$ cat target.cif   # mmCIF, C-alpha atoms and all ligand atoms
data_coords
loop_
_atom_site.label_atom_id
_atom_site.label_comp_id
_atom_site.auth_asym_id
_atom_site.auth_seq_id
_atom_site.Cartn_x
_atom_site.Cartn_y
_atom_site.Cartn_z
CA MET N 1 7.00 -4.09 -20.65
CA SER N 2 7.68 -2.77 -17.12
CA ILE N 3 6.01 -4.35 -14.09
CA ILE N 4 3.88 -1.22 -13.69
CA ASP N 5 2.72 -1.43 -17.34
CA LYS N 6 1.86 -5.11 -16.82
CA ILE N 7 -0.20 -4.19 -13.76
CA LYS N 8 -2.00 -1.48 -15.75
CA ALA N 9 -2.82 -4.01 -18.48
CA LYS N 10 -4.25 -6.32 -15.81
CA ALA N 11 -6.38 -3.48 -14.38
CA ARG N 12 -8.06 -3.08 -17.80
CA GLU N 13 -9.04 -6.77 -17.92
CA ASN N 14 -11.55 -6.50 -15.06
CA VAL N 15 -12.45 -2.88 -14.43
CA LYS N 16 -13.04 -1.91 -10.79
CA THR N 17 -14.63 1.12 -9.10
CA ILE N 18 -12.09 3.19 -7.19
CA VAL N 19 -13.13 6.12 -5.04
CA LEU N 20 -10.98 9.25 -4.75
CA PRO N 21 -12.00 11.20 -1.63
CA GLU N 22 -9.82 14.21 -2.45
CA GLY N 23 -12.16 14.84 -5.38
CA ASP N 24 -11.70 18.58 -5.78
CA GLU N 25 -7.88 18.44 -5.76
CA PRO N 26 -6.46 19.45 -9.16
CA ARG N 27 -4.10 16.47 -9.71
CA THR N 28 -6.83 14.07 -8.60
CA VAL N 29 -9.37 15.54 -11.03
CA GLN N 30 -6.88 15.32 -13.92
CA ALA N 31 -5.94 11.76 -12.93
CA ALA N 32 -9.61 10.71 -12.85
CA ALA N 33 -10.02 11.81 -16.48
CA LEU N 34 -6.91 9.84 -17.55
CA ILE N 35 -8.06 6.76 -15.60
CA ARG N 36 -11.42 6.93 -17.43
CA ASP N 37 -9.77 7.51 -20.83
CA ARG N 38 -7.31 4.61 -20.34
CA GLY N 39 -9.97 2.23 -18.98
CA LEU N 40 -7.95 1.50 -15.83
CA ALA N 41 -10.87 1.85 -13.39
CA ARG N 42 -14.21 3.58 -12.89
CA PRO N 43 -13.12 6.59 -10.81
CA VAL N 44 -15.54 8.25 -8.36
CA LEU N 45 -14.71 11.77 -7.15
CA LEU N 46 -15.97 12.86 -3.72
CA GLY N 47 -16.47 16.45 -2.60
CA ASN N 48 -18.54 19.54 -3.18
CA ILE N 49 -19.82 19.14 -6.76
CA GLU N 50 -19.49 22.84 -7.58
CA LYS N 51 -15.89 22.82 -6.37
CA ILE N 52 -15.06 19.66 -8.34
CA ASN N 53 -16.52 21.20 -11.51
CA GLU N 54 -14.63 24.43 -10.83
CA THR N 55 -11.34 22.51 -10.47
CA ALA N 56 -12.08 20.67 -13.71
CA ALA N 57 -12.75 23.96 -15.51
CA ASN N 58 -9.61 25.59 -14.05
CA THR N 59 -7.43 22.66 -15.15
CA GLY N 60 -9.14 22.29 -18.53
CA THR N 61 -10.22 18.74 -17.67
CA ASP N 62 -13.23 17.02 -19.22
CA ILE N 63 -14.81 15.00 -16.41
CA SER N 64 -17.93 13.94 -18.29
CA GLY N 65 -19.03 10.42 -17.41
CA ILE N 66 -17.17 10.42 -14.09
CA GLU N 67 -19.37 9.87 -11.04
CA LEU N 68 -19.30 12.78 -8.59
CA ILE N 69 -20.66 12.39 -5.06
CA ASP N 70 -21.03 15.04 -2.36
CA PRO N 71 -21.00 13.17 0.97
CA ILE N 72 -23.01 16.05 2.46
CA GLY N 73 -26.61 15.35 1.52
CA SER N 74 -25.86 12.04 -0.21
CA PRO N 75 -28.80 9.59 -0.01
CA LYS N 76 -26.36 6.91 1.18
CA ALA N 77 -25.01 8.99 4.09
CA ALA N 78 -27.62 7.90 6.68
CA GLY N 79 -27.03 4.19 5.99
CA TYR N 80 -23.26 4.62 6.14
CA ALA N 81 -23.59 6.52 9.44
CA GLU N 82 -25.69 3.69 10.88
CA THR N 83 -23.11 1.08 9.84
CA LEU N 84 -20.22 3.21 11.08
CA TYR N 85 -21.97 3.66 14.43
CA GLU N 86 -22.46 -0.12 14.77
CA LEU N 87 -18.79 -0.75 13.91
CA ARG N 88 -17.36 1.88 16.25
CA LYS N 89 -19.84 2.25 19.12
CA ALA N 90 -17.69 0.06 21.36
CA LYS N 91 -14.94 2.65 20.82
CA GLY N 92 -17.20 5.45 22.08
CA VAL N 93 -18.52 6.70 18.71
CA THR N 94 -22.10 8.00 19.08
CA MET N 95 -24.73 8.13 16.30
CA GLU N 96 -24.19 11.90 16.17
CA ASP N 97 -20.42 11.40 15.77
CA ALA N 98 -21.00 8.84 13.03
CA SER N 99 -23.26 11.23 11.08
CA LYS N 100 -20.58 13.94 11.28
CA MET N 101 -17.83 11.48 10.32
CA VAL N 102 -19.50 10.33 7.08
CA ALA N 103 -19.76 13.97 5.96
CA ASP N 104 -15.95 13.81 5.80
CA PRO N 105 -14.98 12.44 2.36
CA MET N 106 -12.25 10.23 3.91
CA TYR N 107 -14.75 8.38 6.09
CA TYR N 108 -17.44 8.41 3.36
CA ALA N 109 -14.94 6.77 0.98
CA VAL N 110 -14.00 4.12 3.53
CA MET N 111 -17.69 3.39 4.08
CA MET N 112 -18.22 3.06 0.30
CA VAL N 113 -15.48 0.43 0.23
CA LYS N 114 -16.69 -1.30 3.39
CA SER N 115 -20.25 -1.48 1.97
CA GLY N 116 -19.13 -2.73 -1.45
CA ASP N 117 -20.20 0.47 -3.27
CA ALA N 118 -16.57 0.89 -4.34
CA ASP N 119 -13.86 -1.74 -4.73
CA GLY N 120 -11.01 0.36 -3.35
CA LEU N 121 -9.86 3.86 -2.51
CA VAL N 122 -6.85 6.07 -3.15
CA SER N 123 -6.02 9.28 -1.30
CA GLY N 124 -3.12 11.14 0.25
CA ALA N 125 -2.46 13.91 -2.29
CA VAL N 126 -3.61 16.28 0.46
CA HIS N 127 -3.90 14.19 3.64
CA THR N 128 -0.90 12.89 5.60
CA THR N 129 -0.24 9.15 5.65
CA GLY N 130 -1.55 8.90 9.23
CA ASP N 131 -4.80 10.74 8.41
CA MET N 132 -5.31 8.57 5.35
CA LEU N 133 -4.51 5.33 7.18
CA ARG N 134 -6.48 5.72 10.39
CA PRO N 135 -10.03 5.50 8.91
CA ALA N 136 -9.00 2.47 6.83
CA LEU N 137 -7.42 0.73 9.82
CA GLN N 138 -10.44 1.47 12.02
CA ILE N 139 -13.13 0.38 9.56
CA ILE N 140 -11.79 -1.79 6.74
CA LYS N 141 -9.56 -3.69 9.19
CA THR N 142 -7.10 -6.46 8.38
CA ALA N 143 -7.81 -9.35 6.01
CA PRO N 144 -8.61 -12.70 7.66
CA GLY N 145 -5.49 -14.29 9.14
CA VAL N 146 -3.41 -11.10 8.87
CA LYS N 147 -2.16 -9.52 12.10
CA VAL N 148 -1.09 -6.09 10.87
CA VAL N 149 -1.46 -3.79 7.92
CA SER N 150 1.85 -2.78 6.36
CA SER N 151 3.14 -1.69 2.97
CA SER N 152 5.32 -2.69 0.08
CA PHE N 153 7.18 -0.37 -2.22
CA LEU N 154 7.54 -1.67 -5.77
CA MET N 155 11.02 -0.50 -6.79
CA ASP N 156 11.17 -0.66 -10.58
CA PHE N 157 14.74 -0.36 -11.95
CA PRO N 158 15.71 0.50 -15.53
CA ASN N 159 18.32 -2.31 -15.20
CA LYS N 160 16.24 -5.45 -15.75
CA ASN N 161 19.03 -7.66 -14.30
CA ILE N 162 18.18 -6.41 -10.82
CA GLY N 163 15.74 -8.54 -8.77
CA TYR N 164 12.81 -10.00 -10.71
CA ASP N 165 12.95 -8.45 -14.17
CA GLY N 166 14.06 -5.10 -12.68
CA LEU N 167 11.73 -5.26 -9.65
CA LEU N 168 12.57 -5.36 -5.95
CA VAL N 169 9.79 -5.28 -3.37
CA TYR N 170 10.70 -3.31 -0.21
CA SER N 171 8.67 -3.73 2.96
CA ASP N 172 7.60 -2.03 5.24
CA CYS N 173 8.47 1.56 4.37
CA VAL N 174 5.21 3.31 5.31
CA VAL N 175 3.15 1.96 8.22
CA MET N 176 4.68 0.15 11.23
CA PRO N 177 7.24 2.33 13.03
CA CYS N 178 8.66 -0.39 15.28
CA PRO N 179 7.31 -3.88 14.55
CA THR N 180 7.65 -6.74 17.03
CA ALA N 181 9.20 -10.00 15.81
CA GLU N 182 5.71 -11.39 15.19
CA GLU N 183 4.63 -8.27 13.30
CA LEU N 184 7.84 -8.36 11.25
CA ALA N 185 7.10 -11.97 10.33
CA CYS N 186 3.61 -10.93 9.21
CA ILE N 187 5.11 -8.10 7.12
CA ALA N 188 7.46 -10.60 5.43
CA VAL N 189 4.62 -12.98 4.55
CA CYS N 190 2.41 -10.15 3.26
CA ALA N 191 5.26 -8.73 1.16
CA ALA N 192 5.78 -12.13 -0.48
CA ARG N 193 2.06 -12.21 -1.33
CA THR N 194 2.23 -8.70 -2.79
CA ALA N 195 5.21 -9.73 -4.92
CA HIS N 196 3.41 -12.82 -6.17
CA ASP N 197 -0.23 -11.74 -6.45
CA LEU N 198 0.18 -8.11 -7.54
CA CYS N 199 3.55 -8.05 -9.30
CA GLY N 200 3.55 -11.52 -10.84
CA VAL N 201 6.85 -12.57 -9.21
CA GLU N 202 6.65 -16.34 -9.74
CA THR N 203 8.96 -17.23 -6.85
CA PRO N 204 9.33 -14.55 -4.23
CA LYS N 205 12.67 -14.87 -2.42
CA VAL N 206 12.31 -13.02 0.85
CA ALA N 207 15.26 -11.64 2.83
CA LEU N 208 14.79 -10.31 6.36
CA LEU N 209 17.44 -7.61 6.54
CA SER N 210 19.74 -6.66 9.41
CA PHE N 211 23.22 -5.28 10.05
CA SER N 212 24.23 -8.89 10.69
CA THR N 213 24.37 -12.01 8.49
CA LYS N 214 23.68 -15.37 10.13
CA GLY N 215 24.94 -14.39 13.57
CA SER N 216 27.94 -12.30 12.48
CA ALA N 217 26.86 -9.70 15.07
CA LYS N 218 25.14 -10.20 18.40
CA HIS N 219 22.56 -7.64 19.50
CA GLU N 220 18.93 -7.63 20.63
CA LEU N 221 17.95 -6.03 17.29
CA VAL N 222 19.58 -8.94 15.45
CA THR N 223 17.82 -11.43 17.71
CA LYS N 224 14.49 -9.82 16.80
CA VAL N 225 15.11 -10.38 13.08
CA GLN N 226 16.18 -13.99 13.76
CA GLU N 227 12.97 -14.57 15.73
CA ALA N 228 10.90 -12.94 12.99
CA THR N 229 12.51 -15.24 10.40
CA ALA N 230 11.62 -18.33 12.44
CA LEU N 231 8.04 -17.10 12.96
CA ALA N 232 7.61 -16.30 9.26
CA HIS N 233 8.74 -19.87 8.43
CA GLU N 234 6.04 -21.15 10.77
CA MET N 235 3.37 -18.83 9.31
CA ALA N 236 4.15 -19.71 5.69
CA PRO N 237 6.35 -22.83 5.44
CA GLU N 238 6.01 -22.85 1.65
CA LEU N 239 7.80 -19.51 1.25
CA ILE N 240 11.44 -19.21 0.22
CA LEU N 241 12.57 -16.92 3.01
CA ASP N 242 15.76 -16.38 4.99
CA GLY N 243 17.35 -14.08 7.56
CA GLU N 244 19.02 -12.39 9.10
CA LEU N 245 20.92 -11.09 6.08
CA GLN N 246 22.78 -7.88 5.33
CA PHE N 247 21.68 -5.99 2.23
CA ASP N 248 24.74 -7.05 0.21
CA ALA N 249 24.47 -10.69 1.30
CA ALA N 250 20.81 -10.66 0.23
CA LEU N 251 21.44 -9.26 -3.24
CA ILE N 252 24.98 -9.95 -4.46
CA PRO N 253 25.53 -13.62 -5.38
CA GLU N 254 29.26 -13.77 -4.47
CA ILE N 255 28.68 -12.08 -1.11
CA GLY N 256 25.65 -14.23 -0.38
CA GLU N 257 27.73 -17.31 -1.19
CA SER N 258 30.55 -16.29 1.14
CA LYS N 259 28.49 -14.90 4.05
CA ALA N 260 25.46 -17.23 3.97
CA LYS N 261 26.50 -20.40 2.14
CA GLY N 262 23.57 -22.69 1.39
CA SER N 263 20.91 -20.01 1.94
CA PRO N 264 18.04 -20.36 -0.56
CA VAL N 265 17.72 -16.56 -0.67
CA ALA N 266 21.17 -14.99 -0.18
CA GLY N 267 22.45 -13.35 -3.34
CA HIS N 268 19.08 -13.71 -5.12
CA ALA N 269 16.49 -11.92 -2.97
CA ASN N 270 13.67 -10.10 -4.73
CA VAL N 271 11.69 -9.14 -1.59
CA LEU N 272 13.57 -7.15 1.06
CA VAL N 273 12.06 -6.84 4.54
CA PHE N 274 13.48 -4.00 6.60
CA PRO N 275 13.72 -4.35 10.39
CA ASP N 276 11.80 -1.13 11.13
CA LEU N 277 10.23 1.90 9.50
CA GLN N 278 13.30 4.13 9.85
CA ALA N 279 15.41 1.66 7.86
CA GLY N 280 12.64 0.94 5.33
CA ASN N 281 11.65 4.52 4.66
CA ILE N 282 15.26 5.72 4.35
CA GLY N 283 16.15 2.65 2.27
CA TYR N 284 13.44 3.16 -0.34
CA LYS N 285 14.25 6.87 -0.68
CA ILE N 286 17.97 6.16 -1.20
CA THR N 287 17.08 3.58 -3.85
CA GLN N 288 14.70 5.98 -5.57
CA ARG N 289 16.88 9.09 -5.46
CA LEU N 290 20.35 7.59 -5.95
CA GLY N 291 19.53 4.24 -7.53
CA GLY N 292 17.16 5.63 -10.17
CA ALA N 293 14.29 3.25 -9.40
CA GLU N 294 10.67 4.24 -9.87
CA ALA N 295 8.97 3.78 -6.48
CA VAL N 296 5.27 3.03 -6.00
CA ALA N 297 3.72 2.09 -2.67
CA VAL N 298 0.80 -0.22 -1.89
CA LEU N 299 -0.74 -1.11 1.44
CA GLN N 300 -0.99 -4.82 2.20
CA GLY N 301 -2.98 -6.80 4.74
CA LEU N 302 -6.20 -4.74 4.59
CA ALA N 303 -9.44 -6.64 4.00
CA LYS N 304 -10.09 -4.37 0.98
CA PRO N 305 -7.57 -2.23 -0.91
CA CYS N 306 -6.92 1.35 0.17
CA ASN N 307 -3.77 3.10 -0.94
CA ASP N 308 -1.86 6.17 0.06
CA LEU N 309 -0.23 8.80 -2.15
CA SER N 310 2.68 11.04 -1.36
CA ARG N 311 1.61 14.68 -1.00
CA GLY N 312 4.21 15.46 -3.67
CA CYS N 313 2.60 13.01 -6.12
CA SER N 314 2.15 13.76 -9.80
CA VAL N 315 -1.00 13.14 -11.85
CA GLU N 316 0.66 10.00 -13.30
CA ASP N 317 1.48 8.74 -9.77
CA ILE N 318 -2.22 8.90 -8.93
CA VAL N 319 -3.13 7.06 -12.15
CA THR N 320 -0.60 4.32 -11.34
CA THR N 321 -1.75 3.93 -7.74
CA VAL N 322 -5.37 3.65 -8.87
CA ALA N 323 -4.37 0.90 -11.32
CA LEU N 324 -2.51 -0.99 -8.55
CA THR N 325 -5.52 -0.62 -6.25
CA ALA N 326 -7.84 -1.92 -8.97
CA VAL N 327 -5.65 -5.00 -9.46
CA GLN N 328 -5.53 -5.62 -5.70
CA ALA N 329 -9.35 -5.41 -5.73
CA GLN N 330 -9.51 -8.12 -8.43
CA SER N 331 -8.31 -10.71 -5.92
CA VAL N 332 -10.38 -9.71 -2.86
N1 LIG B 1 -2.41 -2.78 11.34
C1 LIG B 1 -3.69 -2.99 11.72
N2 LIG B 1 -4.35 -2.16 12.54
C2 LIG B 1 -3.68 -1.09 13.03
C3 LIG B 1 -2.34 -0.83 12.69
C4 LIG B 1 -1.70 -1.73 11.79
N3 LIG B 1 -0.46 -1.54 11.37
N4 LIG B 1 -1.95 0.31 13.33
C5 LIG B 1 -3.01 0.74 14.03
N5 LIG B 1 -4.04 -0.11 13.85
C6 LIG B 1 -5.41 0.03 14.37
C7 LIG B 1 -5.47 0.08 15.86
O1 LIG B 1 -5.58 -1.21 16.41
C8 LIG B 1 -6.71 0.90 16.07
O2 LIG B 1 -7.86 0.09 15.92
P1 LIG B 1 -9.13 0.34 16.88
O3 LIG B 1 -9.39 1.83 16.89
O4 LIG B 1 -10.22 -0.46 16.25
O5 LIG B 1 -8.70 -0.15 18.22
C9 LIG B 1 -6.73 1.86 14.90
O6 LIG B 1 -5.90 1.28 13.90
C10 LIG B 1 -6.19 3.22 15.23
O7 LIG B 1 -5.01 2.98 15.95
P2 LIG B 1 -4.20 4.14 16.64
O8 LIG B 1 -3.23 3.52 17.59
O9 LIG B 1 -5.13 5.19 17.17
O10 LIG B 1 -3.51 4.73 15.41
P3 LIG B 1 -2.14 5.38 15.41
O11 LIG B 1 -2.30 6.76 15.90
O12 LIG B 1 -1.10 4.53 16.02
O13 LIG B 1 -1.88 5.41 13.86
C11 LIG B 1 -0.62 4.73 12.04
C12 LIG B 1 -1.55 4.26 13.15
C13 LIG B 1 -1.27 5.91 11.35
C14 LIG B 1 -0.43 3.63 11.04
C15 LIG B 1 0.74 5.11 12.70
O14 LIG B 1 1.38 3.94 13.07
C16 LIG B 1 1.62 5.93 11.83
O15 LIG B 1 1.50 7.16 11.82
N6 LIG B 1 2.57 5.28 11.09
C17 LIG B 1 3.59 5.97 10.33
C18 LIG B 1 3.01 6.65 9.11
C19 LIG B 1 4.06 7.48 8.46
O16 LIG B 1 4.22 8.63 8.83
N7 LIG B 1 4.81 6.90 7.50
C20 LIG B 1 5.96 7.49 6.89
C21 LIG B 1 5.65 8.45 5.79
S1 LIG B 1 4.97 7.71 4.37
C22 LIG B 1 6.15 7.80 3.11
O17 LIG B 1 7.22 8.28 3.26
C23 LIG B 1 5.76 7.19 1.81
#

$ encode --input "target.cif" --output "structure tokens"
Amino acid sequence: MSIIDKIKAKARENVKTIVLPEGDEPRTVQAAALIRDRGLARPVLLGNIEKINETAANTGTDISGIELIDPIGSPKAAGYAETLYELRKAKGVTMEDASKMVADPMYYAVMMVKSGDADGLVSGAVHTTGDMLRPALQIIKTAPGVKVVSSSFLMDFPNKNIGYDGLLVYSDCVVMPCPTAEELACIAVCAARTAHDLCGVETPKVALLSFSTKGSAKHELVTKVQEATALAHEMAPELILDGELQFDAALIPEIGESKAKGSPVAGHANVLVFPDLQAGNIGYKITQRLGGAEAVAVLQGLAKPCNDLSRGCSVEDIVTTVALTAVQAQSV
């Protein structure tokens, strides 16, 4: 069974409510029906009810039994606006702004999660990553003890000899364009937790990647990764974590042995932490397109799970991301 299938099985064990703010979008409507049929979550579709029903009819989708909510005119809207105003008034949000904001399905969905009316949310089939992320960052905020929200890509390879049973976790490929050493350390610790808690990796082995291995090159960018490694050790002394390592030293046992002798990670890493978003985003796409891995992203470090889709996502991608979100919600 693939890691993704294992996660789906776990989602069915304790069914969570996941809100889909892009509720009238054709792939989202079809995904909601599959999620219901497969028992992966209780999906809630947000949007104009007539439009949602029209999309269902146009795509031949039976959405009976799925909760539909129009944020405009919803009996919960006033309470959400009040809460949103309290949370954001110090940032200049007025009561009038808050009322307008909760009419937007993205903010309504975030308020459902914040208020406990939903366990998590998934969107991004229409919205850009930034537009999806901002409401979650502003309102859901980071989990206690976590400095920044970031992401992990679960890279699932057909070759089960790679990483942990065919899985490598890549981080961060979505959120933080240029992390500081402290932020990079936080990303490394969060990625290890994602590998363990979500993916079932018994012993995450975390490599902080660079173009240098153990001082082979000297540059301020290398120094940053070295500092991040030291900080991550301080933040989570129990983790098996090492850096700075080149990609080959992290993954290939003979190269790890020759370039980083005695490292507990070199040659056997299953969590790869990229030094910035350019490297991470390019790295995951190369792995997906040339390496044949299935790639699924999750956000990590939020107080409650919210996940982003690619605008090119398929119906099955949405189903998978909802299942991952539901499993993340099981341990909140
Ligand atoms: N963790 C926690 N909080 C954060 C983070 C973070 N990583 N980033 C921003 N915030 C908070 C800010 O503190 C702020 O909070 P406040 O309003 O309470 O003070 C709030 O979020 C908004 O911050 P802004 O600075 O206004 O947000 P910004 O415009 O910087 O947007 C974003 C943040 C969206 C994450 C931005 O960094 C971004 O666009 N990242 C890249 C996204 C992207 O394009 N990824 C690649 C494509 S995805 C793919 O290929 C799969």

$ closest_residue --input "target.cif" --among "N:Asn161, N:Ser331, N:Ser171, N:Asn48" --to "ligand LIG 1 (chain B)" --atoms "all atoms listed in the file"
N:Ser171

$ residues_around --input "target.cif" --residues "N:Ala109" --least-positions-apart "4" --cutoff "12 Å" --atoms "all atoms listed in the file" --output "short mmCIF file (atom, residue, chain, number, x, y, z; two decimals) with C-alpha atoms, in the frame of the given file"
data_model
loop_
_atom_site.label_atom_id
_atom_site.label_comp_id
_atom_site.auth_asym_id
_atom_site.auth_seq_id
_atom_site.Cartn_x
_atom_site.Cartn_y
_atom_site.Cartn_z
CA THR N 17 -14.63 1.12 -9.10
CA ILE N 18 -12.09 3.19 -7.19
CA VAL N 19 -13.13 6.12 -5.04
CA LEU N 20 -10.98 9.25 -4.75
CA PRO N 21 -12.00 11.20 -1.63
CA GLU N 22 -9.82 14.21 -2.45
CA GLY N 23 -12.16 14.84 -5.38
CA PRO N 43 -13.12 6.59 -10.81
CA VAL N 44 -15.54 8.25 -8.36
CA LEU N 45 -14.71 11.77 -7.15
CA LEU N 46 -15.97 12.86 -3.72
CA GLY N 47 -16.47 16.45 -2.60
CA ILE N 69 -20.66 12.39 -5.06
CA ASP N 70 -21.03 15.04 -2.36
CA PRO N 71 -21.00 13.17 0.97
CA LYS N 76 -26.36 6.91 1.18
CA ALA N 77 -25.01 8.99 4.09
CA TYR N 80 -23.26 4.62 6.14
CA LEU N 84 -20.22 3.21 11.08
CA MET N 101 -17.83 11.48 10.32
CA VAL N 102 -19.50 10.33 7.08
CA ALA N 103 -19.76 13.97 5.96
CA ASP N 104 -15.95 13.81 5.80
CA PRO N 105 -14.98 12.44 2.36
CA VAL N 113 -15.48 0.43 0.23
CA LYS N 114 -16.69 -1.30 3.39
CA SER N 115 -20.25 -1.48 1.97
CA GLY N 116 -19.13 -2.73 -1.45
CA ASP N 117 -20.20 0.47 -3.27
CA ALA N 118 -16.57 0.89 -4.34
CA ASP N 119 -13.86 -1.74 -4.73
CA GLY N 120 -11.01 0.36 -3.35
CA LEU N 121 -9.86 3.86 -2.51
CA VAL N 122 -6.85 6.07 -3.15
CA SER N 123 -6.02 9.28 -1.30
CA MET N 132 -5.31 8.57 5.35
CA PRO N 135 -10.03 5.50 8.91
CA ALA N 136 -9.00 2.47 6.83
CA ILE N 139 -13.13 0.38 9.56
CA ILE N 140 -11.79 -1.79 6.74
CA PRO N 305 -7.57 -2.23 -0.91
CA CYS N 306 -6.92 1.35 0.17
CA ASN N 307 -3.77 3.10 -0.94
#

$ closest_atom_pairs --input "target.cif" --of "chain N" --to "ligand LIG 1 (chain B)" --cutoff "6 Å" --atoms "all atoms listed in the file" --output "CSV"
residue,atom,partner,partner_atom,distance
N:Thr129,CA,B:LIG1,C18,5.4
N:Gly130,CA,B:LIG1,C13,3.7
N:Leu133,CA,B:LIG1,C13,5.3
N:Arg134,CA,B:LIG1,C13,5.3
N:Leu137,CA,B:LIG1,O6,4.4
N:Gln138,CA,B:LIG1,O4,4.7
N:Thr142,CA,B:LIG1,C1,5.9
N:Val148,CA,B:LIG1,N1,3.6
N:Val149,CA,B:LIG1,N1,3.7
N:Ser150,CA,B:LIG1,N3,5.7
N:Val174,CA,B:LIG1,N7,4.2
N:Val175,CA,B:LIG1,N6,4.4
N:Met176,CA,B:LIG1,O14,5.4
N:Pro177,CA,B:LIG1,C17,5.8
N:Asn281,CA,B:LIG1,O17,6.0
N:Ser310,CA,B:LIG1,C23,5.9

$ write_last_selection --input "target.cif" --atoms "C-alpha atoms" --output "compact mmCIF listing (two decimals), keeping the file's coordinate frame"
# COMPACT_ATOMS: atom_id res chain seq x y z
CA THR N 129 -0.24 9.15 5.65
CA GLY N 130 -1.55 8.90 9.23
CA LEU N 133 -4.51 5.33 7.18
CA ARG N 134 -6.48 5.72 10.39
CA LEU N 137 -7.42 0.73 9.82
CA GLN N 138 -10.44 1.47 12.02
CA THR N 142 -7.10 -6.46 8.38
CA VAL N 148 -1.09 -6.09 10.87
CA VAL N 149 -1.46 -3.79 7.92
CA SER N 150 1.85 -2.78 6.36
CA VAL N 174 5.21 3.31 5.31
CA VAL N 175 3.15 1.96 8.22
CA MET N 176 4.68 0.15 11.23
CA PRO N 177 7.24 2.33 13.03
CA ASN N 281 11.65 4.52 4.66
CA SER N 310 2.68 11.04 -1.36

$ closest_atom_pairs --input "target.cif" --of "stretch 86-153 of chain N" --to "stretch 271-275 of chain N" --cutoff "12 Å" --atoms "all atoms listed in the file" --output "tab-separated table"
residue	atom	partner	partner_atom	distance
N:Ser150	CA	N:Val273	CA	11.1
N:Ser151	CA	N:Val273	CA	10.4
N:Ser152	CA	N:Val273	CA	9.1
N:Phe153	CA	N:Leu272	CA	9.9

$ closest_residue --input "target.cif" --among "N:Ala9, N:Met95, N:Leu309, N:Leu87" --to "N:Ala125" --atoms "only C-alpha atoms"
N:Leu309

$ closest_residue --input "target.cif" --among "N:Thr128, N:Thr55, N:Thr61, N:Thr180" --to "N:Thr223" --atoms "only C-alpha atoms"
N:Thr180

$ residues_around --input "target.cif" --residues "N:Gly291" --least-positions-apart "6" --cutoff "10 Å" --atoms "all atoms listed in the file" --output "mmCIF file with C-alpha atoms, in the coordinates of the input"
data_model
loop_
_atom_site.group_PDB
_atom_site.id
_atom_site.type_symbol
_atom_site.label_atom_id
_atom_site.label_comp_id
_atom_site.auth_asym_id
_atom_site.auth_seq_id
_atom_site.Cartn_x
_atom_site.Cartn_y
_atom_site.Cartn_z
ATOM 1 C CA MET N 155 11.020 -0.500 -6.790
ATOM 2 C CA PHE N 157 14.740 -0.360 -11.950
ATOM 3 C CA PRO N 158 15.710 0.500 -15.530
ATOM 4 C CA TYR N 284 13.440 3.160 -0.340
ATOM 5 C CA LYS N 285 14.250 6.870 -0.680
#

$ residues_around --input "target.cif" --residues "N:Lys224" --least-positions-apart "3" --cutoff "8 Å" --atoms "all atoms listed in the file" --output "list in words"
Thr180, Ala181, Glu220, Leu221, Glu227 and Ala228 of chain N

$ write_last_selection --input "target.cif" --atoms "C-alpha atoms" --output "PDB file, keeping the file's coordinate frame"
ATOM      1  CA  THR N 180       7.650  -6.740  17.030  1.00  0.00           C
ATOM      2  CA  ALA N 181       9.200 -10.000  15.810  1.00  0.00           C
ATOM      3  CA  GLU N 220      18.930  -7.630  20.630  1.00  0.00           C
ATOM      4  CA  LEU N 221      17.950  -6.030  17.290  1.00  0.00           C
ATOM      5  CA  GLU N 227      12.970 -14.570  15.730  1.00  0.00           C
ATOM      6  CA  ALA N 228      10.900 -12.940  12.990  1.00  0.00           C
TER       7      ALA N 228
END

$ atom_distance --input "target.cif" --atom1 "atom CA of N:Asp24" --atom2 "atom CA of N:Thr83"
26.1 Å

$ atom_distance --input "target.cif" --atom1 "atom CA of N:Ala41" --atom2 "atom CA of N:Asp172"
26.5 Å

$ closest_residue --input "target.cif" --among "N:Val298, N:Met235, N:Ile66, N:Pro179" --to "N:Ile35" --atoms "all atoms listed in the file"
N:Ile66

$ closest_residue --input "target.cif" --among "N:Thr287, N:Gln30, N:Ser210, N:Gln330" --to "N:Ala249" --atoms "all atoms listed in the file"
N:Ser210

$ atom_distance --input "target.cif" --atom1 "atom CA of N:Lys261" --atom2 "atom CA of N:Glu182"
26.1 Å

$ closest_residue --input "target.cif" --among "N:Leu208, N:Gly262, N:Glu202, N:Ala295" --to "N:Ala250" --atoms "all atoms listed in the file"
N:Leu208
